[in-house]
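File shown here: query_32.txt, holding compact mmCIF, C-alpha atoms.
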# COMPACT_ATOMS: atom_id res chain seq x y z
CA MET Z 1 67.37 161.40 17.95
CA VAL Z 2 64.20 159.29 18.04
CA GLU Z 3 61.14 161.03 16.57
CA TYR Z 4 57.80 160.53 18.31
CA ILE Z 5 54.28 161.26 17.08
CA GLU Z 6 51.18 161.72 19.20
CA VAL Z 7 47.97 159.97 18.20
CA SER Z 8 44.47 160.39 19.64
CA ALA Z 9 41.41 158.12 19.38
CA LYS Z 10 38.44 156.98 21.43
CA THR Z 11 40.44 154.21 23.12
CA VAL Z 12 44.10 153.27 23.50
CA ASN Z 13 43.65 150.27 21.18
CA GLU Z 14 42.10 152.44 18.49
CA ALA Z 15 44.95 154.93 18.89
CA ILE Z 16 47.49 152.12 18.44
CA THR Z 17 45.68 150.92 15.30
CA LYS Z 18 45.62 154.46 13.92
CA ALA Z 19 49.36 154.92 14.65
CA CYS Z 20 50.17 151.68 12.80
CA ILE Z 21 48.19 152.89 9.78
CA ASP Z 22 49.85 156.32 9.82
CA LEU Z 23 53.37 154.84 10.09
CA GLY Z 24 52.73 151.85 7.83
CA LEU Z 25 53.96 149.45 10.53
CA THR Z 26 52.63 146.51 12.53
CA SER Z 27 52.00 146.68 16.26
CA GLU Z 28 55.21 144.64 16.86
CA GLU Z 29 57.23 147.30 15.05
CA ILE Z 30 56.20 150.28 17.20
CA ASP Z 31 56.86 151.40 20.74
CA TYR Z 32 54.29 153.57 22.48
CA GLN Z 33 53.63 155.37 25.75
CA VAL Z 34 50.10 156.08 27.00
CA ILE Z 35 49.69 159.78 27.70
CA SER Z 36 46.00 159.54 28.53
CA GLU Z 37 43.69 156.52 28.57
CA GLY Z 38 40.73 158.76 27.78
CA ASN Z 39 37.28 158.95 29.31
CA SER Z 40 33.98 157.85 27.72
CA GLY Z 41 32.12 160.40 29.84
CA PHE Z 42 28.54 160.18 31.01
CA LEU Z 43 25.53 160.89 28.81
CA GLY Z 44 27.79 162.54 26.30
CA PHE Z 45 29.46 164.80 28.81
CA GLY Z 46 33.15 164.72 29.90
CA ILE Z 47 34.29 162.70 26.89
CA LYS Z 48 38.07 162.70 26.64
CA PRO Z 49 39.98 160.89 23.85
CA ALA Z 50 42.79 158.45 24.55
CA GLN Z 51 46.24 159.76 23.59
CA ILE Z 52 49.49 157.90 23.02
CA ARG Z 53 53.05 158.79 22.08
CA VAL Z 54 54.49 156.51 19.37
CA CYS Z 55 57.87 155.84 17.71
CA ARG Z 56 59.50 153.12 15.62
CA LYS Z 57 61.16 150.31 17.60
CA ALA Z 58 63.95 150.27 15.01
CA ASP Z 59 64.71 153.92 15.83
CA LEU Z 60 64.88 153.14 19.55
CA GLU Z 61 67.21 150.20 18.96
CA ALA Z 62 69.43 152.30 16.69
CA GLU Z 63 69.68 155.02 19.33
CA ALA Z 64 70.53 152.49 22.06
CA ARG Z 65 73.16 150.93 19.78
CA ALA Z 66 74.68 154.35 19.08
CA ILE Z 67 74.86 155.13 22.81
CA ARG Z 68 76.50 151.74 23.53
CA GLU Z 69 79.07 152.24 20.77
CA ALA Z 70 79.89 155.70 22.09
CA GLU Z 71 80.40 154.30 25.60
CA GLU Z 72 82.64 151.52 24.25
CA ALA Z 73 84.68 154.08 22.32
CA GLU Z 74 85.08 156.16 25.48
CA ALA Z 75 86.24 153.08 27.43
CA ARG Z 76 88.83 152.30 24.74
CA ARG Z 77 89.98 155.91 24.73
CA ALA Z 78 90.40 155.86 28.53
CA ALA Z 79 92.43 152.64 28.31
CA LYS Z 80 94.71 154.15 25.64
CA GLU Z 81 95.23 157.29 27.69
CA ALA Z 82 96.13 155.15 30.71
CA GLU Z 83 98.66 153.19 28.66
CA LYS Z 84 100.12 156.45 27.34
CA ALA Z 85 100.41 157.84 30.88
CA ALA Z 86 102.09 154.64 32.07
CA ARG Z 87 104.64 154.80 29.23
CA ALA Z 88 105.35 158.45 29.97
CA GLU Z 89 105.89 157.69 33.66
CA LYS Z 90 108.29 154.84 32.85
CA GLU Z 91 110.20 157.04 30.42
CA LYS Z 92 110.46 159.74 33.07
CA GLU Z 93 111.84 157.22 35.59
CA ARG Z 94 114.36 155.97 33.03
CA LYS Z 95 115.60 159.51 32.30
CA GLU Z 96 115.89 160.30 36.01
CA ALA Z 97 117.87 157.09 36.58
CA ASN Z 98 120.23 157.95 33.70
CA ARG Z 99 120.69 161.49 35.00
CA GLU Z 100 121.48 160.20 38.51
CA LYS Z 101 123.98 157.71 37.07
CA LYS Z 102 125.73 160.48 35.12
CA ASN Z 103 125.97 162.61 38.26
CA ILE Z 104 127.47 159.73 40.22
CA ASP Z 105 129.99 158.98 37.45
CA LYS Z 106 130.92 162.67 37.25
CA LYS Z 107 131.52 162.91 41.00
CA ARG Z 108 133.54 159.67 40.94
CA ASN Z 109 135.76 160.94 38.11
CA GLU Z 110 136.31 164.28 39.89
CA LYS Z 111 137.26 162.47 43.06
CA LYS Z 112 139.76 160.28 41.20
CA LYS Z 113 141.25 163.37 39.56
CA ASN Z 114 141.58 165.19 42.89
CA ASN Z 115 143.14 162.18 44.58
CA SER Z 116 145.59 161.40 41.79
CA ASN Z 117 148.20 163.81 43.24
CA GLN Z 118 147.53 162.98 46.88
CA PRO Z 119 149.58 160.43 48.86
CA LYS Z 120 148.00 157.05 48.68
CA GLU Z 121 146.40 155.81 51.83
CA GLU Z 122 144.24 152.92 52.72
CA VAL Z 123 140.62 153.62 51.95
CA LYS Z 124 137.95 151.50 53.46
CA PRO Z 125 135.02 150.83 51.20
CA ALA Z 126 131.88 152.67 52.18
CA PRO Z 127 129.18 150.41 53.57
CA GLN Z 128 126.53 149.62 50.99
CA PRO Z 129 123.04 150.77 51.92
CA ALA Z 130 120.65 147.98 52.67
CA LYS Z 131 118.25 147.21 49.86
CA LYS Z 132 114.99 148.99 50.49
CA GLU Z 133 112.26 146.46 50.95
CA ARG Z 134 108.71 147.15 49.85
CA VAL Z 135 106.45 148.15 52.70
CA VAL Z 136 103.41 145.89 52.71
CA PRO Z 137 100.26 147.99 53.28
CA GLN Z 138 98.53 147.22 56.57
CA LYS Z 139 94.83 147.50 55.83
CA THR Z 140 91.90 147.16 58.20
CA ASP Z 141 88.93 145.01 57.21
CA GLU Z 142 86.89 148.17 56.60
CA GLU Z 143 89.59 149.64 54.32
CA ILE Z 144 89.81 146.37 52.39
CA GLU Z 145 86.04 146.32 51.82
CA GLN Z 146 86.10 149.96 50.65
CA MET Z 147 88.95 149.14 48.28
CA LYS Z 148 87.09 146.14 46.86
CA ALA Z 149 83.92 148.21 46.42
CA ALA Z 150 85.82 150.95 44.54
CA ALA Z 151 87.46 148.39 42.25
CA GLU Z 152 84.18 146.57 41.54
CA THR Z 153 82.28 149.80 40.83
CA PHE Z 154 84.94 150.88 38.34
CA LEU Z 155 85.19 147.48 36.61
CA GLN Z 156 81.43 146.96 36.39
CA GLY Z 157 81.13 150.40 34.78
CA ILE Z 158 83.70 149.42 32.16
CA PHE Z 159 82.03 146.06 31.50
CA LYS Z 160 78.59 147.67 31.20
CA SER Z 161 79.88 150.08 28.55
CA MET Z 162 81.43 147.12 26.70
CA ASP Z 163 78.19 145.08 27.06
CA ILE Z 164 80.11 142.27 28.79
CA HIS Z 165 78.51 140.20 31.55
CA THR Z 166 80.99 138.76 34.04
CA ASP Z 167 81.23 137.70 37.68
CA ILE Z 168 83.97 139.28 39.78
CA VAL Z 169 85.64 137.54 42.73
CA MET Z 170 88.13 139.51 44.85
CA ASN Z 171 90.43 138.64 47.72
CA TYR Z 172 93.10 140.73 49.41
CA ASP Z 173 96.44 139.06 50.22
CA LYS Z 174 97.54 140.80 53.43
CA GLU Z 175 101.04 139.28 53.35
CA GLU Z 176 101.76 140.53 49.81
CA GLY Z 177 99.63 143.67 49.96
CA CYS Z 178 97.93 142.62 46.72
CA LEU Z 179 94.30 142.75 45.58
CA ASN Z 180 93.62 139.66 43.45
CA VAL Z 181 90.68 139.97 41.06
CA GLU Z 182 89.28 137.02 39.09
CA PHE Z 183 86.76 137.33 36.22
CA THR Z 184 84.47 134.54 35.05
CA GLY Z 185 82.07 134.65 32.13
CA ASP Z 186 81.29 133.45 28.61
CA ASP Z 187 83.48 135.72 26.50
CA MET Z 188 86.62 136.45 28.52
CA GLY Z 189 88.89 136.47 25.47
CA VAL Z 190 87.77 140.06 24.84
CA LEU Z 191 89.06 141.08 28.29
CA ILE Z 192 92.42 139.37 27.75
CA GLY Z 193 93.16 140.96 24.38
CA LYS Z 194 96.25 140.45 22.23
CA ARG Z 195 99.05 139.08 24.44
CA GLY Z 196 97.09 140.21 27.49
CA GLN Z 197 97.23 143.92 26.59
CA THR Z 198 93.57 144.61 27.46
CA LEU Z 199 93.88 142.75 30.77
CA ASP Z 200 97.08 144.69 31.58
CA SER Z 201 95.36 148.00 30.77
CA LEU Z 202 92.40 147.16 33.01
CA GLN Z 203 94.84 146.14 35.74
CA TYR Z 204 96.69 149.45 35.47
CA LEU Z 205 93.46 151.50 35.53
CA THR Z 206 92.12 149.55 38.53
CA SER Z 207 95.41 150.15 40.33
CA LEU Z 208 95.03 153.91 39.74
CA VAL Z 209 91.48 153.81 41.14
CA ILE Z 210 92.28 152.05 44.43
CA ASN Z 211 95.60 153.86 45.00
CA LYS Z 212 94.46 157.42 44.21
CA ASP Z 213 94.34 158.32 47.94
CA ASN Z 214 97.31 156.15 48.99
CA LYS Z 215 100.48 158.22 49.19
CA ASP Z 216 102.87 155.88 51.01
CA GLU Z 217 101.34 152.40 50.93
CA TYR Z 218 100.94 151.21 47.34
CA VAL Z 219 98.52 148.31 46.93
CA ARG Z 220 99.28 145.97 44.06
CA VAL Z 221 96.50 144.75 41.80
CA LYS Z 222 96.44 141.49 39.88
CA LEU Z 223 93.65 140.85 37.36
CA ASP Z 224 93.21 137.38 35.90
CA THR Z 225 90.64 135.33 33.99
CA GLU Z 226 90.55 131.75 32.72
CA ASP Z 227 93.94 131.18 34.43
CA TYR Z 228 95.57 133.38 31.77
CA ARG Z 229 98.49 134.58 33.91
CA ARG Z 230 99.67 131.04 34.68
CA ARG Z 231 99.20 129.86 31.09
CA ARG Z 232 101.07 132.89 29.73
CA LYS Z 233 103.94 132.28 32.18
CA GLU Z 234 104.27 128.67 31.04
CA THR Z 235 104.17 129.76 27.37
CA LEU Z 236 106.95 132.30 27.92
CA GLU Z 237 109.09 129.83 29.87
CA ASN Z 238 108.80 127.28 27.04
CA LEU Z 239 109.58 130.02 24.52
CA ALA Z 240 112.69 130.99 26.50
CA LYS Z 241 113.96 127.40 26.53
CA ASN Z 242 113.34 126.96 22.81
CA ILE Z 243 115.10 130.24 21.99
CA ALA Z 244 118.05 129.27 24.18
CA GLY Z 245 118.36 125.98 22.26
CA LYS Z 246 118.27 127.85 18.95
CA VAL Z 247 120.93 130.34 20.11
CA LYS Z 248 123.17 127.50 21.24
CA ARG Z 249 122.78 125.62 17.91
CA THR Z 250 123.28 128.62 15.62
CA ASN Z 251 125.62 130.62 17.87
CA LYS Z 252 123.60 133.72 16.85
CA THR Z 253 121.84 136.35 18.93
CA VAL Z 254 118.01 136.33 18.94
CA VAL Z 255 115.90 139.42 19.60
CA LEU Z 256 112.43 138.73 21.01
CA GLU Z 257 109.26 140.76 20.40
CA PRO Z 258 108.51 143.73 22.69
CA MET Z 259 107.12 142.68 26.09
CA ASN Z 260 105.98 144.39 29.26
CA PRO Z 261 108.30 144.35 32.33
CA TYR Z 262 106.50 141.38 33.95
CA GLU Z 263 106.93 139.17 30.87
CA ARG Z 264 110.56 140.22 30.38
CA ARG Z 265 111.30 139.15 33.96
CA ILE Z 266 109.85 135.71 33.20
CA ILE Z 267 112.26 135.29 30.25
CA HIS Z 268 115.28 136.48 32.29
CA SER Z 269 114.36 134.22 35.22
CA ALA Z 270 113.82 131.17 32.98
CA LEU Z 271 117.34 131.50 31.47
CA GLN Z 272 119.41 132.85 34.36
CA GLN Z 273 120.78 129.37 35.17
CA ASN Z 274 121.50 128.53 31.51
CA LYS Z 275 125.30 128.60 31.03
CA ASN Z 276 125.09 128.72 27.24
CA VAL Z 277 123.25 132.04 26.90
CA GLU Z 278 122.92 135.43 28.54
CA THR Z 279 119.95 137.80 28.42
CA PHE Z 280 119.45 141.53 28.68
CA SER Z 281 116.75 144.07 27.80
CA GLU Z 282 117.15 146.99 25.43
CA GLY Z 283 114.98 149.68 23.84
CA ASN Z 284 112.42 152.06 25.31
CA GLU Z 285 108.88 151.30 26.45
CA PRO Z 286 106.57 150.14 25.00
CA TYR Z 287 109.06 148.61 22.52
CA ARG Z 288 111.57 147.35 25.08
CA HIS Z 289 112.51 143.73 24.34
CA VAL Z 290 114.69 140.86 25.53
CA VAL Z 291 117.89 139.89 23.71
CA VAL Z 292 119.22 136.32 24.05
CA LYS Z 293 122.93 136.14 23.27
CA PRO Z 294 125.31 133.16 23.12
CA VAL Z 295 128.02 132.95 25.78
CA ARG Z 296 131.36 132.69 24.01
CA ASN Z 297 134.76 131.35 25.03
CA ARG Z 298 133.58 129.07 27.77
Can you give me the file's structure in the form of C-alpha cells?
Amino acid sequence: MVEYIEVSAKTVNEAITKACIDLGLTSEEIDYQVISEGNSGFLGFGIKPAQIRVCRKADLEAEARAIREAEEAEARRAAKEAEKAARAEKEKERKEANREKKNIDKKRNEKKKNNSNQPKEEVKPAPQPAKKERVVPQKTDEEIEQMKAAAETFLQGIFKSMDIHTDIVMNYDKEEGCLNVEFTGDDMGVLIGKRGQTLDSLQYLTSLVINKDNKDEYVRVKLDTEDYRRRRKETLENLAKNIAGKVKRTNKTVVLEPMNPYERRIIHSALQQNKNVETFSEGNEPYRHVVVKPVRNR
C-alpha cells in the first residue's frame, strides 16, 4: 500500500520543495497531486495555503509491479485449470468408451452362448451405420462479428495481464466452421511456450469462451503466431521419418515423448504408408505418446 503525506505551503512550488526536504528526495523521485492551489487573498484577507498530496515514485512503481505480477499469476492459474479440465474431460470420454466397449463385448458373448445350441442358419451382417460427419456451424455475419469480439476481448485481457503487446487478426472459415486467429508482435515466443503448450492452452480457453452458448454447433478455434503450426508440423514429420529409419536399422521399438492428440495424428499420418513400421498410441493424457514398432516377418 502506497503511503501519502499532505504538505501545505504558500504556493504549489513551495509545497513541492518542502515535500522533497521532508522526504529527502529530489523532485524527479516524487509523485504528487494538487489538492488545493491556494489563494493569496486580497489585502491580507482570504489567504489560503496551497496543499498537495505526495508519495515516492518508487512506491508507486512497486505497487504497479505487484499488481501486474498478481494478474500474471492469475492468468497462469486460469490456464492450468483449463488444462486440468481438458485432461479430466478426455479421461472421462476414454472411460465411457471403454465401458461401452465392455458392454458390447458382453452382449456379443451372451449372444454367441445363446446361439451355440440353436440350429445354424444364414445370418446376414447388420448394416454398418454411416460415419457421423461433423456439422459445420452456419453463422450469420452478425454472429461471426460477435464471436470475434468475444475472442478478442478475452485474449486482450490475457495479454494485458501478461504485459504483452500484440496485434490480433481473425477470419472465420465458413466451410470448415473454424475461427482462425493470428498474433503478431515482438515477443511471440512467450505465447508459444514449450512445444506450443501455452499456445494450445490459449486456444482451448478461447474455444471455451466462444462456444459457451453453443450447444449443438461447435466452432473450432485455431491460434497461430509466427507460422508456428506449419513449422511444428514439418518438424514432427521429419522426426517421424528419422525415427522410422532408426527403427528399421535397429529393428527395435521406439517410444516418443508425450504429445497432444493433434501432434500424435501428424506422426501417425506421416508413417501410415511406411511398410517397415507401424504406429500406435498408448498411455493416458497428458502423458499419452506414440510408439513406433518394426513390422516383422514381411
(Q) If we count all atoms listed in the file and set the cut-off at 7 Å, which residues sit around segment 181-197 of chain Z, ignoring sequence neighbours fewer than 4 positions away in its own chain? Please answer as a PyMOL selection string. (A) chain Z and resi 165-171+201+222-225
Q.
Could you list, as a PyMOL selection string, every residue within 9 Å of Leu155 of chain Z, counting all atoms listed in the file and ignoring same-chain residues fewer than 4 positions away?
A. chain Z and resi 150-151+159-160+168+202+206
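Minimum atom-to-atom distance to Lys275 of chain Z, evaluated using all atoms listed in the file, belongs to Z:Gly245 out of Z:Pro49, Z:Pro261, Z:Pro137, Z:Gly245.
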Q | Nearest residue to Ala64 of chain Z from the set Z:Ser36, Z:Gly283, Z:Val2, Z:Gln138 (distances using all atoms listed in the file) | A | Z:Val2
Q: Could you tell me how far atom CA of Ile158 of chain Z lies from atom CA of Val221 of chain Z, in Å and to one decimal?
A: 16.7 Å
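Separating atom CA of Glu145 of chain Z from atom CA of Glu217 of chain Z is a distance of 16.5 Å.
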